[in-house]
>>> print(open('data.txt').read())   # compact mmCIF, C-alpha atoms
# COMPACT_ATOMS: atom_id res chain seq x y z
CA MET N 1 64.87 -31.99 135.66
CA ASN N 2 67.82 -31.89 137.99
CA GLU N 3 69.78 -34.22 135.74
CA PHE N 4 69.89 -31.57 133.07
CA ASP N 5 73.45 -30.42 132.42
CA TYR N 6 73.54 -26.75 131.55
CA GLN N 7 77.10 -27.19 130.22
CA GLN N 8 75.78 -29.43 127.44
CA ILE N 9 73.94 -26.57 125.81
CA ASP N 10 74.89 -25.93 122.19
CA ASP N 11 77.17 -22.88 122.39
CA LEU N 12 76.96 -22.34 118.65
CA ILE N 13 73.23 -21.62 118.91
CA HIS N 14 73.38 -20.00 122.34
CA SER N 15 74.84 -16.80 120.84
CA ARG N 16 72.07 -14.20 120.54
CA ILE N 17 72.42 -13.46 116.81
CA ARG N 18 72.90 -17.09 115.77
CA LEU N 19 69.89 -18.06 117.89
CA ALA N 20 67.84 -15.35 116.18
CA VAL N 21 68.99 -16.60 112.76
CA MET N 22 68.02 -20.18 113.59
CA ALA N 23 64.62 -19.10 114.99
CA ALA N 24 63.92 -16.89 111.97
CA LEU N 25 64.89 -19.55 109.43
CA THR N 26 62.84 -22.16 111.28
CA THR N 27 59.74 -19.98 110.89
CA MET N 28 60.35 -18.34 107.51
CA GLY N 29 61.90 -21.23 105.66
CA PRO N 30 64.61 -20.33 103.12
CA ALA N 31 65.45 -16.62 103.32
CA SER N 32 67.76 -14.10 101.71
CA PHE N 33 70.64 -12.36 103.48
CA SER N 34 68.85 -9.01 103.62
CA LEU N 35 65.64 -10.54 104.95
CA ILE N 36 67.57 -12.30 107.73
CA LYS N 37 69.38 -9.03 108.44
CA THR N 38 66.08 -7.15 108.78
CA THR N 39 64.52 -9.84 110.96
CA VAL N 40 67.53 -10.30 113.22
CA GLY N 41 68.55 -6.64 113.31
CA ALA N 42 72.28 -7.21 112.76
CA THR N 43 74.85 -5.34 110.69
CA ASP N 44 76.12 -6.84 107.41
CA GLY N 45 79.57 -7.71 108.72
CA ASN N 46 78.37 -9.13 112.00
CA LEU N 47 75.67 -11.22 110.37
CA SER N 48 78.09 -12.58 107.72
CA VAL N 49 80.40 -13.87 110.44
CA HIS N 50 77.59 -15.58 112.31
CA LEU N 51 76.10 -17.08 109.15
CA ARG N 52 79.50 -18.45 108.18
CA LYS N 53 79.85 -20.12 111.61
CA LEU N 54 76.48 -21.77 111.22
CA GLU N 55 77.35 -22.81 107.70
CA GLU N 56 80.68 -24.30 108.81
CA ALA N 57 78.83 -26.27 111.48
CA ASP N 58 76.55 -27.57 108.71
CA TYR N 59 73.52 -26.05 110.44
CA LEU N 60 72.57 -24.18 107.29
CA ASN N 61 73.45 -24.13 103.64
CA VAL N 62 73.46 -21.33 101.14
CA ASP N 63 72.21 -21.36 97.59
CA LYS N 64 73.84 -18.62 95.52
CA SER N 65 72.20 -17.57 92.27
CA PHE N 66 71.47 -14.50 90.15
CA ILE N 67 68.18 -12.68 89.72
CA ASP N 68 68.20 -9.81 87.21
CA ARG N 69 72.01 -10.24 87.03
CA LYS N 70 72.31 -9.46 90.76
CA PRO N 71 73.75 -12.03 93.17
CA VAL N 72 71.26 -13.57 95.56
CA SER N 73 72.08 -15.80 98.52
CA ILE N 74 69.30 -17.91 99.97
CA TYR N 75 70.01 -19.49 103.35
CA LYS N 76 68.25 -22.65 104.45
CA LEU N 77 68.48 -24.76 107.60
CA THR N 78 69.85 -28.26 107.13
CA LYS N 79 68.42 -31.34 108.83
CA LYS N 80 71.33 -31.12 111.28
CA GLY N 81 70.48 -27.47 111.96
CA ILE N 82 66.79 -28.18 112.54
CA ASP N 83 67.66 -31.03 114.93
CA ALA N 84 70.17 -28.84 116.78
CA PHE N 85 67.63 -26.04 117.17
CA ASN N 86 64.92 -28.40 118.41
CA THR N 87 67.36 -29.98 120.87
CA TYR N 88 68.37 -26.52 122.09
CA ILE N 89 64.72 -25.60 122.74
CA LEU N 90 64.23 -28.87 124.61
CA TYR N 91 67.25 -28.08 126.78
CA LEU N 92 65.83 -24.68 127.63
CA GLU N 93 62.41 -26.11 128.36
CA HIS N 94 63.88 -28.77 130.60
CA MET N 95 65.44 -26.07 132.72
CA LEU N 96 62.09 -24.53 133.56
CA PRO N 97 59.39 -25.87 135.85
CA SER N 98 56.67 -27.38 133.62
CA LYS N 99 54.05 -24.76 134.61
CA GLU N 100 56.25 -21.98 133.18
CA ILE N 101 56.61 -23.74 129.82
CA GLU N 102 52.84 -24.09 129.54
CA GLY N 103 52.43 -20.36 130.26
CA MET S 1 71.37 -28.98 138.88
CA THR S 2 69.92 -25.82 137.34
CA THR S 3 70.25 -22.66 139.38
CA GLU S 4 67.74 -19.84 139.54
CA HIS S 5 70.05 -17.84 137.28
CA ASP S 6 70.07 -20.62 134.68
CA GLN S 7 66.29 -20.77 134.78
CA LYS S 8 66.03 -17.01 134.28
CA ASP S 9 68.47 -17.24 131.37
CA ALA S 10 66.48 -20.09 129.79
CA LYS S 11 63.23 -18.18 130.23
CA GLU S 12 64.70 -15.11 128.54
CA GLN S 13 66.10 -17.17 125.67
CA LEU S 14 62.72 -18.85 125.08
CA ALA S 15 60.95 -15.48 125.14
CA PHE S 16 63.51 -14.14 122.66
CA ILE S 17 63.01 -17.14 120.34
CA ARG S 18 59.24 -16.70 120.54
CA SER S 19 59.46 -13.00 119.64
CA ILE S 20 61.72 -13.69 116.63
CA MET S 21 59.40 -16.48 115.47
CA ASP S 22 56.33 -14.24 115.88
CA ASP S 23 57.99 -11.48 113.84
CA SER S 24 59.02 -13.94 111.12
CA GLN S 25 55.57 -15.50 110.88
CA LYS S 26 54.09 -12.69 108.79
CA VAL S 27 57.00 -12.26 106.38
CA LEU S 28 55.94 -12.76 102.80
CA ALA S 29 57.25 -11.48 99.51
CA ASP S 30 56.70 -12.74 96.02
CA ASN S 31 57.66 -11.13 92.76
CA GLY S 32 54.19 -9.68 92.19
CA ASP S 33 54.05 -11.06 88.66
CA GLY S 34 50.60 -12.59 89.22
CA PHE S 35 49.16 -9.19 90.08
CA ILE S 36 50.78 -7.53 87.06
CA VAL S 37 49.90 -10.27 84.53
CA TRP S 38 46.25 -10.63 85.66
CA GLY S 39 45.89 -6.84 85.86
CA ILE S 40 47.16 -6.32 82.31
CA LEU S 41 45.09 -9.21 80.91
CA ILE S 42 41.86 -7.93 82.48
CA LEU S 43 42.65 -4.39 81.39
CA LEU S 44 43.21 -5.58 77.81
CA ALA S 45 40.01 -7.64 77.96
CA GLY S 46 38.02 -4.60 79.13
CA LEU S 47 39.53 -2.44 76.41
CA SER S 48 38.85 -5.11 73.77
CA SER S 49 35.22 -5.41 74.85
CA HIS S 50 34.74 -1.68 74.19
CA ILE S 51 36.33 -2.06 70.76
CA PHE S 52 34.12 -5.10 70.04
CA GLN S 53 31.04 -3.09 71.06
CA ALA S 54 32.09 -0.18 68.84
CA PHE S 55 32.28 -2.55 65.88
CA ASN S 56 29.02 -4.33 66.76
CA LEU S 57 30.77 -7.56 67.63
CA GLN S 58 29.09 -8.07 71.02
CA GLN S 59 28.51 -11.76 70.33
CA PHE S 60 32.26 -12.38 70.50
CA ILE S 61 32.91 -10.58 73.82
CA GLY S 62 32.34 -13.71 75.90
CA TRP S 63 34.83 -15.68 73.79
CA MET S 64 37.34 -12.85 74.00
CA TYR S 65 37.10 -12.86 77.82
CA LEU S 66 37.46 -16.64 77.78
CA ILE S 67 40.75 -16.29 75.88
CA PHE S 68 42.16 -13.62 78.22
CA VAL S 69 41.10 -15.44 81.40
CA GLY S 70 42.37 -18.71 79.90
CA LEU S 71 45.74 -17.07 79.28
CA GLY S 72 45.75 -15.93 82.90
CA TRP S 73 45.14 -19.46 84.17
CA ILE S 74 47.77 -20.92 81.82
CA TYR S 75 50.20 -18.38 83.20
CA MET S 76 49.29 -19.29 86.80
CA ILE S 77 49.81 -22.99 86.18
CA THR S 78 53.09 -22.62 84.28
CA LEU S 79 55.32 -19.56 84.78
CA HIS S 80 53.87 -18.46 88.13
CA LYS S 81 54.44 -21.94 89.59
CA LYS S 82 58.11 -21.65 88.61
CA ALA S 83 58.40 -18.17 90.15
CA GLU S 84 56.95 -19.43 93.42
CA LYS S 85 60.24 -21.10 94.31
CA TYR S 86 61.73 -17.62 94.77
CA ALA S 87 58.85 -16.44 96.97
CA ILE S 88 60.05 -15.53 100.42
CA GLY S 89 58.22 -16.31 103.61
CA ASN S 90 56.81 -18.73 106.12
CA PRO S 91 55.63 -21.86 104.25
CA MET S 92 52.28 -21.91 106.05
CA THR S 93 51.65 -18.20 105.37
CA LYS S 94 52.54 -18.78 101.71
CA LYS S 95 50.16 -21.71 101.54
CA ILE S 96 47.30 -19.71 103.10
CA ILE S 97 47.79 -16.73 100.77
CA GLU S 98 48.06 -19.01 97.75
CA ALA S 99 44.86 -20.79 98.82
CA ILE S 100 43.00 -17.49 99.25
CA TRP S 101 44.00 -16.27 95.78
CA THR S 102 43.25 -19.58 94.11
CA ALA S 103 39.82 -19.71 95.78
CA VAL S 104 39.01 -16.10 94.85
CA LEU S 105 40.20 -16.56 91.25
CA ILE S 106 38.08 -19.70 90.86
CA SER S 107 35.08 -17.89 92.37
CA MET S 108 35.61 -14.95 90.00
CA THR S 109 35.90 -17.27 87.01
CA ILE S 110 32.61 -18.97 87.96
CA LEU S 111 30.86 -15.65 88.66
CA GLY S 112 32.18 -14.17 85.45
CA PHE S 113 31.35 -16.99 83.07
CA VAL S 114 28.59 -19.07 84.65
CA GLY S 115 26.95 -16.06 86.31
CA ALA S 116 26.93 -14.13 83.06
CA ALA S 117 26.06 -17.06 80.75
CA SER S 118 23.15 -18.11 82.96
CA GLY S 119 21.84 -14.55 82.98
CA THR S 120 21.87 -14.51 86.78
CA ILE S 121 24.33 -11.62 86.88
CA ASP S 122 23.57 -8.51 84.89
CA LEU S 123 26.46 -7.96 82.42
CA GLU S 124 26.44 -4.21 83.05
CA HIS S 125 27.36 -4.82 86.68
CA LEU S 126 29.44 -7.97 86.40
CA THR S 127 32.63 -5.98 87.05
CA ALA S 128 31.19 -4.71 90.34
CA VAL S 129 30.52 -8.29 91.48
CA LEU S 130 34.04 -9.42 90.48
CA TYR S 131 35.70 -6.44 92.17
CA THR S 132 33.83 -7.16 95.41
CA ALA S 133 35.37 -10.65 95.39
CA LEU S 134 38.80 -9.20 94.59
CA GLY S 135 38.57 -6.91 97.62
CA THR S 136 38.20 -9.97 99.84
CA ALA S 137 41.53 -11.43 98.68
CA TYR S 138 43.42 -8.17 99.19
CA TYR S 139 41.87 -7.62 102.60
CA LEU S 140 42.78 -11.12 103.80
CA GLN S 141 46.32 -10.94 102.40
CA GLY S 142 46.84 -7.59 104.15
CA ILE S 143 45.59 -8.92 107.49
CA ILE S 144 47.59 -12.19 107.32
CA THR S 145 50.86 -10.52 106.28
CA GLY S 146 50.37 -7.57 108.63
CA LYS S 147 50.53 -5.02 105.80
CA ALA S 148 48.02 -2.23 106.38
CA TRP S 149 48.44 -0.81 102.87
CA VAL S 150 47.50 -4.16 101.28
CA ARG S 151 44.49 -4.45 103.61
CA ASN S 152 43.51 -0.90 102.55
CA LEU S 153 43.64 -1.98 98.89
CA GLY S 154 40.82 -4.34 99.85
CA PHE S 155 38.80 -1.38 101.12
CA GLY S 156 39.63 0.41 97.85
CA TRP S 157 38.26 -2.50 95.81
CA TRP S 158 35.13 -2.71 97.94
CA LEU S 159 34.48 1.03 97.79
CA GLY S 160 35.05 1.09 94.03
CA SER S 161 32.77 -1.93 93.55
CA VAL S 162 29.97 -0.21 95.50
CA ILE S 163 30.20 2.74 93.07
CA LEU S 164 30.26 0.36 90.10
CA TYR S 165 26.92 -1.14 91.19
CA PHE S 166 25.32 2.28 90.63
CA ILE S 167 26.95 3.42 87.40
CA SER S 168 27.28 2.01 83.90
CA GLY S 169 28.55 2.92 80.46
CA PRO S 170 31.87 4.72 79.78
CA ALA S 171 32.11 6.09 83.34
CA ALA S 172 32.00 2.55 84.73
CA GLY S 173 34.60 1.43 82.19
CA ILE S 174 36.97 4.25 83.11
CA LEU S 175 36.57 3.64 86.85
CA ALA S 176 37.07 -0.13 86.42
CA ALA S 177 40.24 0.46 84.37
CA ALA S 178 41.58 3.03 86.84
CA MET S 179 41.00 0.60 89.72
CA MET S 180 42.73 -2.20 87.84
CA ILE S 181 45.76 0.00 87.26
CA GLY S 182 45.90 1.70 90.66
CA LEU S 183 44.84 -1.15 92.92
CA GLN S 184 46.28 -4.15 91.05
CA ILE S 185 49.03 -3.38 88.52
CA VAL S 186 50.79 -0.67 90.54
CA PRO S 187 50.71 -2.76 93.75
CA GLY S 188 52.12 -5.64 91.65
CA PHE S 189 55.13 -3.48 90.79
CA ILE S 190 55.45 -2.47 94.46
CA PHE S 191 55.45 -6.16 95.46
CA ASN S 192 58.10 -6.79 92.82
CA HIS S 193 60.23 -3.91 94.09
CA GLN S 194 59.94 -5.13 97.71
CA TRP S 195 60.72 -8.70 96.69
CA LYS S 196 63.87 -7.59 94.85
CA ALA S 197 64.89 -5.48 97.85
CA GLN S 198 64.54 -8.49 100.14
CA LEU S 199 66.63 -10.62 97.82
CA SER S 200 69.27 -7.97 97.29
CA GLU S 201 72.71 -8.56 98.77
CA ASP S 202 73.12 -4.91 99.80
>>> encode(input="data.txt", output="structure tokens")
Amino acid sequence: MNEFDYQQIDDLIHSRIRLAVMAALTTMGPASFSLIKTTVGATDGNLSVHLRKLEEADYLNVDKSFIDRKPVSIYKLTKKGIDAFNTYILYLEHMLPSKEIEG
Amino acid sequence: MTTEHDQKDAKEQLAFIRSIMDDSQKVLADNGDGFIVWGILILLAGLSSHIFQAFNLQQFIGWMYLIFVGLGWIYMITLHKKAEKYAIGNPMTKKIIEAIWTAVLISMTILGFVGAASGTIDLEHLTAVLYTALGTAYYLQGIITGKAWVRNLGFGWWLGSVILYFISGPAAGILAAAMMIGLQIVPGFIFNHQWKAQLSED
């Protein structure tokens, strides 16, 4: 446990909103912008910035299409994103005494 | 080495992740087309059976139902399968809801055709039996997705089916049609509206 380096933590995911986006997409699977917004509780502008950062890091990809002639963006975690999220959770869990993780 | 502060931070982050994941677990939205299509088909079948009876064509009612229910199943296997790719929600939740509806629809098909053909279920009260089964699917979907109004639709179906066990004739036909519109087709449009809202970019 003591060998864990807190500095190695993935800063991209460590941000509150981006972490919420990653957690939500992990559970929900592919989701639209407005659904992520509702789940995460962020404003449009703020969420767009964070989604773009995750997209640039290749943690998620976006599929843009039209339904009833209205644009729809569906966001989905990539393999790299899923791995990064799982690694992040492992880092956090390693920081805690094992009895707290079980609880 | 991790400090006490780091541990507190990690604990908070894990609790935050867990709360987001718990909230996301129940999210589910599909375009509601299955509710609308089945509702309209059954409504048309009910209406047709009254017309058949008026023209003394009772012997063809079973075949007519077979055609409408067959159309429903063809729709489920073809167009509905395509629409599923736009359904929003946790994959496991989607799978459970899909399984519930498939199981209930198969049960209803067996009750409706085998139950009626074998004479085990009285034709006058077949609708009551089918609506009881339908209530189960709505109730379970409401509980699993955390939507009280969908769960209450289940109670609506059950209550209506209890009444249908005691009445027959035109009154039963009107009540059955009203339930199909109010508890199936209208909710289908509400599902569709909610699904579009969740996909909207605004």
>>> interface_residues(input="data.txt", of="chain N", to="chain S", cutoff="8 Å", atoms="all atoms listed in the file", output="mmCIF file with C-alpha atoms, in the frame of the given file")
data_model
loop_
_atom_site.group_PDB
_atom_site.id
_atom_site.type_symbol
_atom_site.label_atom_id
_atom_site.label_comp_id
_atom_site.auth_asym_id
_atom_site.auth_seq_id
_atom_site.Cartn_x
_atom_site.Cartn_y
_atom_site.Cartn_z
ATOM 1 C CA MET N 1 64.870 -31.990 135.660
ATOM 2 C CA ASN N 2 67.820 -31.890 137.990
ATOM 3 C CA GLU N 3 69.780 -34.220 135.740
ATOM 4 C CA PHE N 4 69.890 -31.570 133.070
ATOM 5 C CA ASP N 5 73.450 -30.420 132.420
ATOM 6 C CA TYR N 6 73.540 -26.750 131.550
ATOM 7 C CA LEU N 19 69.890 -18.060 117.890
ATOM 8 C CA ALA N 20 67.840 -15.350 116.180
ATOM 9 C CA ALA N 23 64.620 -19.100 114.990
ATOM 10 C CA ALA N 24 63.920 -16.890 111.970
ATOM 11 C CA THR N 26 62.840 -22.160 111.280
ATOM 12 C CA THR N 27 59.740 -19.980 110.890
ATOM 13 C CA MET N 28 60.350 -18.340 107.510
ATOM 14 C CA GLY N 29 61.900 -21.230 105.660
ATOM 15 C CA PRO N 30 64.610 -20.330 103.120
ATOM 16 C CA ALA N 31 65.450 -16.620 103.320
ATOM 17 C CA SER N 32 67.760 -14.100 101.710
ATOM 18 C CA PHE N 33 70.640 -12.360 103.480
ATOM 19 C CA SER N 34 68.850 -9.010 103.620
ATOM 20 C CA LEU N 35 65.640 -10.540 104.950
ATOM 21 C CA THR N 39 64.520 -9.840 110.960
ATOM 22 C CA VAL N 40 67.530 -10.300 113.220
ATOM 23 C CA LYS N 70 72.310 -9.460 90.760
ATOM 24 C CA PRO N 71 73.750 -12.030 93.170
ATOM 25 C CA VAL N 72 71.260 -13.570 95.560
ATOM 26 C CA SER N 73 72.080 -15.800 98.520
ATOM 27 C CA ILE N 89 64.720 -25.600 122.740
ATOM 28 C CA LEU N 92 65.830 -24.680 127.630
ATOM 29 C CA GLU N 93 62.410 -26.110 128.360
ATOM 30 C CA MET N 95 65.440 -26.070 132.720
ATOM 31 C CA LEU N 96 62.090 -24.530 133.560
#
>>> atom_distance(input="data.txt", atom1="CA of His193 in chain S", atom2="CA of Asn31 in chain S")
7.8 Å
>>> atom_distance(input="data.txt", atom1="CA of Leu130 in chain S", atom2="CA of Asp30 in chain S")
23.6 Å
>>> residues_around(input="data.txt", residues="range 77-88 of chain N", least_positions_apart="2", cutoff="8 Å", atoms="only C-alpha atoms", output="ChimeraX atom specification")
/N:9-10,13,22-23,25-26,29-30,58-61,75,90-92
>>> atom_distance(input="data.txt", atom1="CA of Thr102 in chain S", atom2="CA of Lys147 in chain S")
20.0 Å
>>> residues_near_point(input="data.txt", point="(78.0, -9.7, 112.9)", cutoff="12 Å", atoms="all atoms listed in the file", output="NGL selection string")
:N and (15-18 or 21 or 36-37 or 40-53)
>>> closest_residue(input="data.txt", among="S:Ala54, S:Ile190, S:Ile42, S:Ile163", to="Gly112 in chain S", atoms="all atoms listed in the file")
S:Ile42
>>> closest_atom_pairs(input="data.txt", of="range 93-152 of chain S", to="range 178-185 of chain S", cutoff="10 Å", atoms="all atoms listed in the file", output="Markdown table")
| residue | atom | partner | partner_atom | distance |
| --- | --- | --- | --- | --- |
| S:Tyr131 | CA | S:Met179 | CA | 9.1 |
| S:Leu134 | CA | S:Gln184 | CA | 9.7 |
| S:Gly135 | CA | S:Leu183 | CA | 9.7 |
| S:Tyr138 | CA | S:Gln184 | CA | 9.5 |
| S:Val150 | CA | S:Leu183 | CA | 9.3 |
| S:Asn152 | CA | S:Leu183 | CA | 9.7 |
>>> write_last_selection(input="data.txt", atoms="C-alpha atoms", output="tab-separated table (two decimals), in the frame of the given file")
chain	number	residue	atom	x	y	z
S	131	TYR	CA	35.70	-6.44	92.17
S	134	LEU	CA	38.80	-9.20	94.59
S	135	GLY	CA	38.57	-6.91	97.62
S	138	TYR	CA	43.42	-8.17	99.19
S	150	VAL	CA	47.50	-4.16	101.28
S	152	ASN	CA	43.51	-0.90	102.55
>>> residues_around(input="data.txt", residues="Leu47 in chain S", least_positions_apart="3", cutoff="12 Å", atoms="all atoms listed in the file", output="PyMOL selection string")
chain S and resi 40-44+50-54+61+64-65+68+170+173-174+176-178+180
>>> closest_residue(input="data.txt", among="S:Ala83, S:Ala137, S:Ala29, S:Leu126", to="Gly46 in chain S", atoms="all atoms listed in the file")
S:Leu126
>>> decode(input="data.txt", residues="range 77-93 of chain N", atoms="N, CA and C atoms", output="short mmCIF file (atom, residue, chain, number, x, y, z; two decimals), in the first residue's frame")
data_model
loop_
_atom_site.label_atom_id
_atom_site.label_comp_id
_atom_site.auth_asym_id
_atom_site.auth_seq_id
_atom_site.Cartn_x
_atom_site.Cartn_y
_atom_site.Cartn_z
N LEU N 77 -17.77 5.40 -24.07
CA LEU N 77 -16.39 5.22 -23.59
C LEU N 77 -15.63 4.33 -24.56
N THR N 78 -14.36 4.66 -24.77
CA THR N 78 -13.52 3.80 -25.60
C THR N 78 -12.86 2.77 -24.69
N LYS N 79 -12.17 1.82 -25.30
CA LYS N 79 -11.45 0.81 -24.52
C LYS N 79 -10.42 1.51 -23.62
N LYS N 80 -9.77 2.53 -24.20
CA LYS N 80 -8.76 3.28 -23.44
C LYS N 80 -9.42 3.98 -22.24
N GLY N 81 -10.61 4.52 -22.46
CA GLY N 81 -11.34 5.20 -21.40
C GLY N 81 -11.75 4.24 -20.29
N ILE N 82 -12.24 3.08 -20.69
CA ILE N 82 -12.68 2.08 -19.69
C ILE N 82 -11.47 1.64 -18.85
N ASP N 83 -10.34 1.38 -19.54
CA ASP N 83 -9.13 0.97 -18.82
C ASP N 83 -8.68 2.06 -17.86
N ALA N 84 -8.71 3.31 -18.34
CA ALA N 84 -8.26 4.44 -17.51
C ALA N 84 -9.15 4.58 -16.27
N PHE N 85 -10.45 4.41 -16.46
CA PHE N 85 -11.38 4.53 -15.34
C PHE N 85 -11.15 3.40 -14.32
N ASN N 86 -10.98 2.19 -14.84
CA ASN N 86 -10.74 1.05 -13.93
C ASN N 86 -9.43 1.23 -13.17
N THR N 87 -8.40 1.73 -13.86
CA THR N 87 -7.11 1.96 -13.21
C THR N 87 -7.26 3.03 -12.13
N TYR N 88 -8.03 4.06 -12.44
CA TYR N 88 -8.26 5.14 -11.48
C TYR N 88 -8.92 4.61 -10.20
N ILE N 89 -9.91 3.76 -10.39
CA ILE N 89 -10.62 3.17 -9.23
C ILE N 89 -9.63 2.34 -8.41
N LEU N 90 -8.79 1.57 -9.12
CA LEU N 90 -7.81 0.74 -8.42
C LEU N 90 -6.86 1.61 -7.58
N TYR N 91 -6.45 2.73 -8.17
CA TYR N 91 -5.57 3.66 -7.45
C TYR N 91 -6.24 4.11 -6.16
N LEU N 92 -7.50 4.51 -6.29
CA LEU N 92 -8.23 5.00 -5.11
C LEU N 92 -8.36 3.90 -4.07
N GLU N 93 -8.66 2.71 -4.54
CA GLU N 93 -8.85 1.60 -3.60
C GLU N 93 -7.55 1.22 -2.90
#
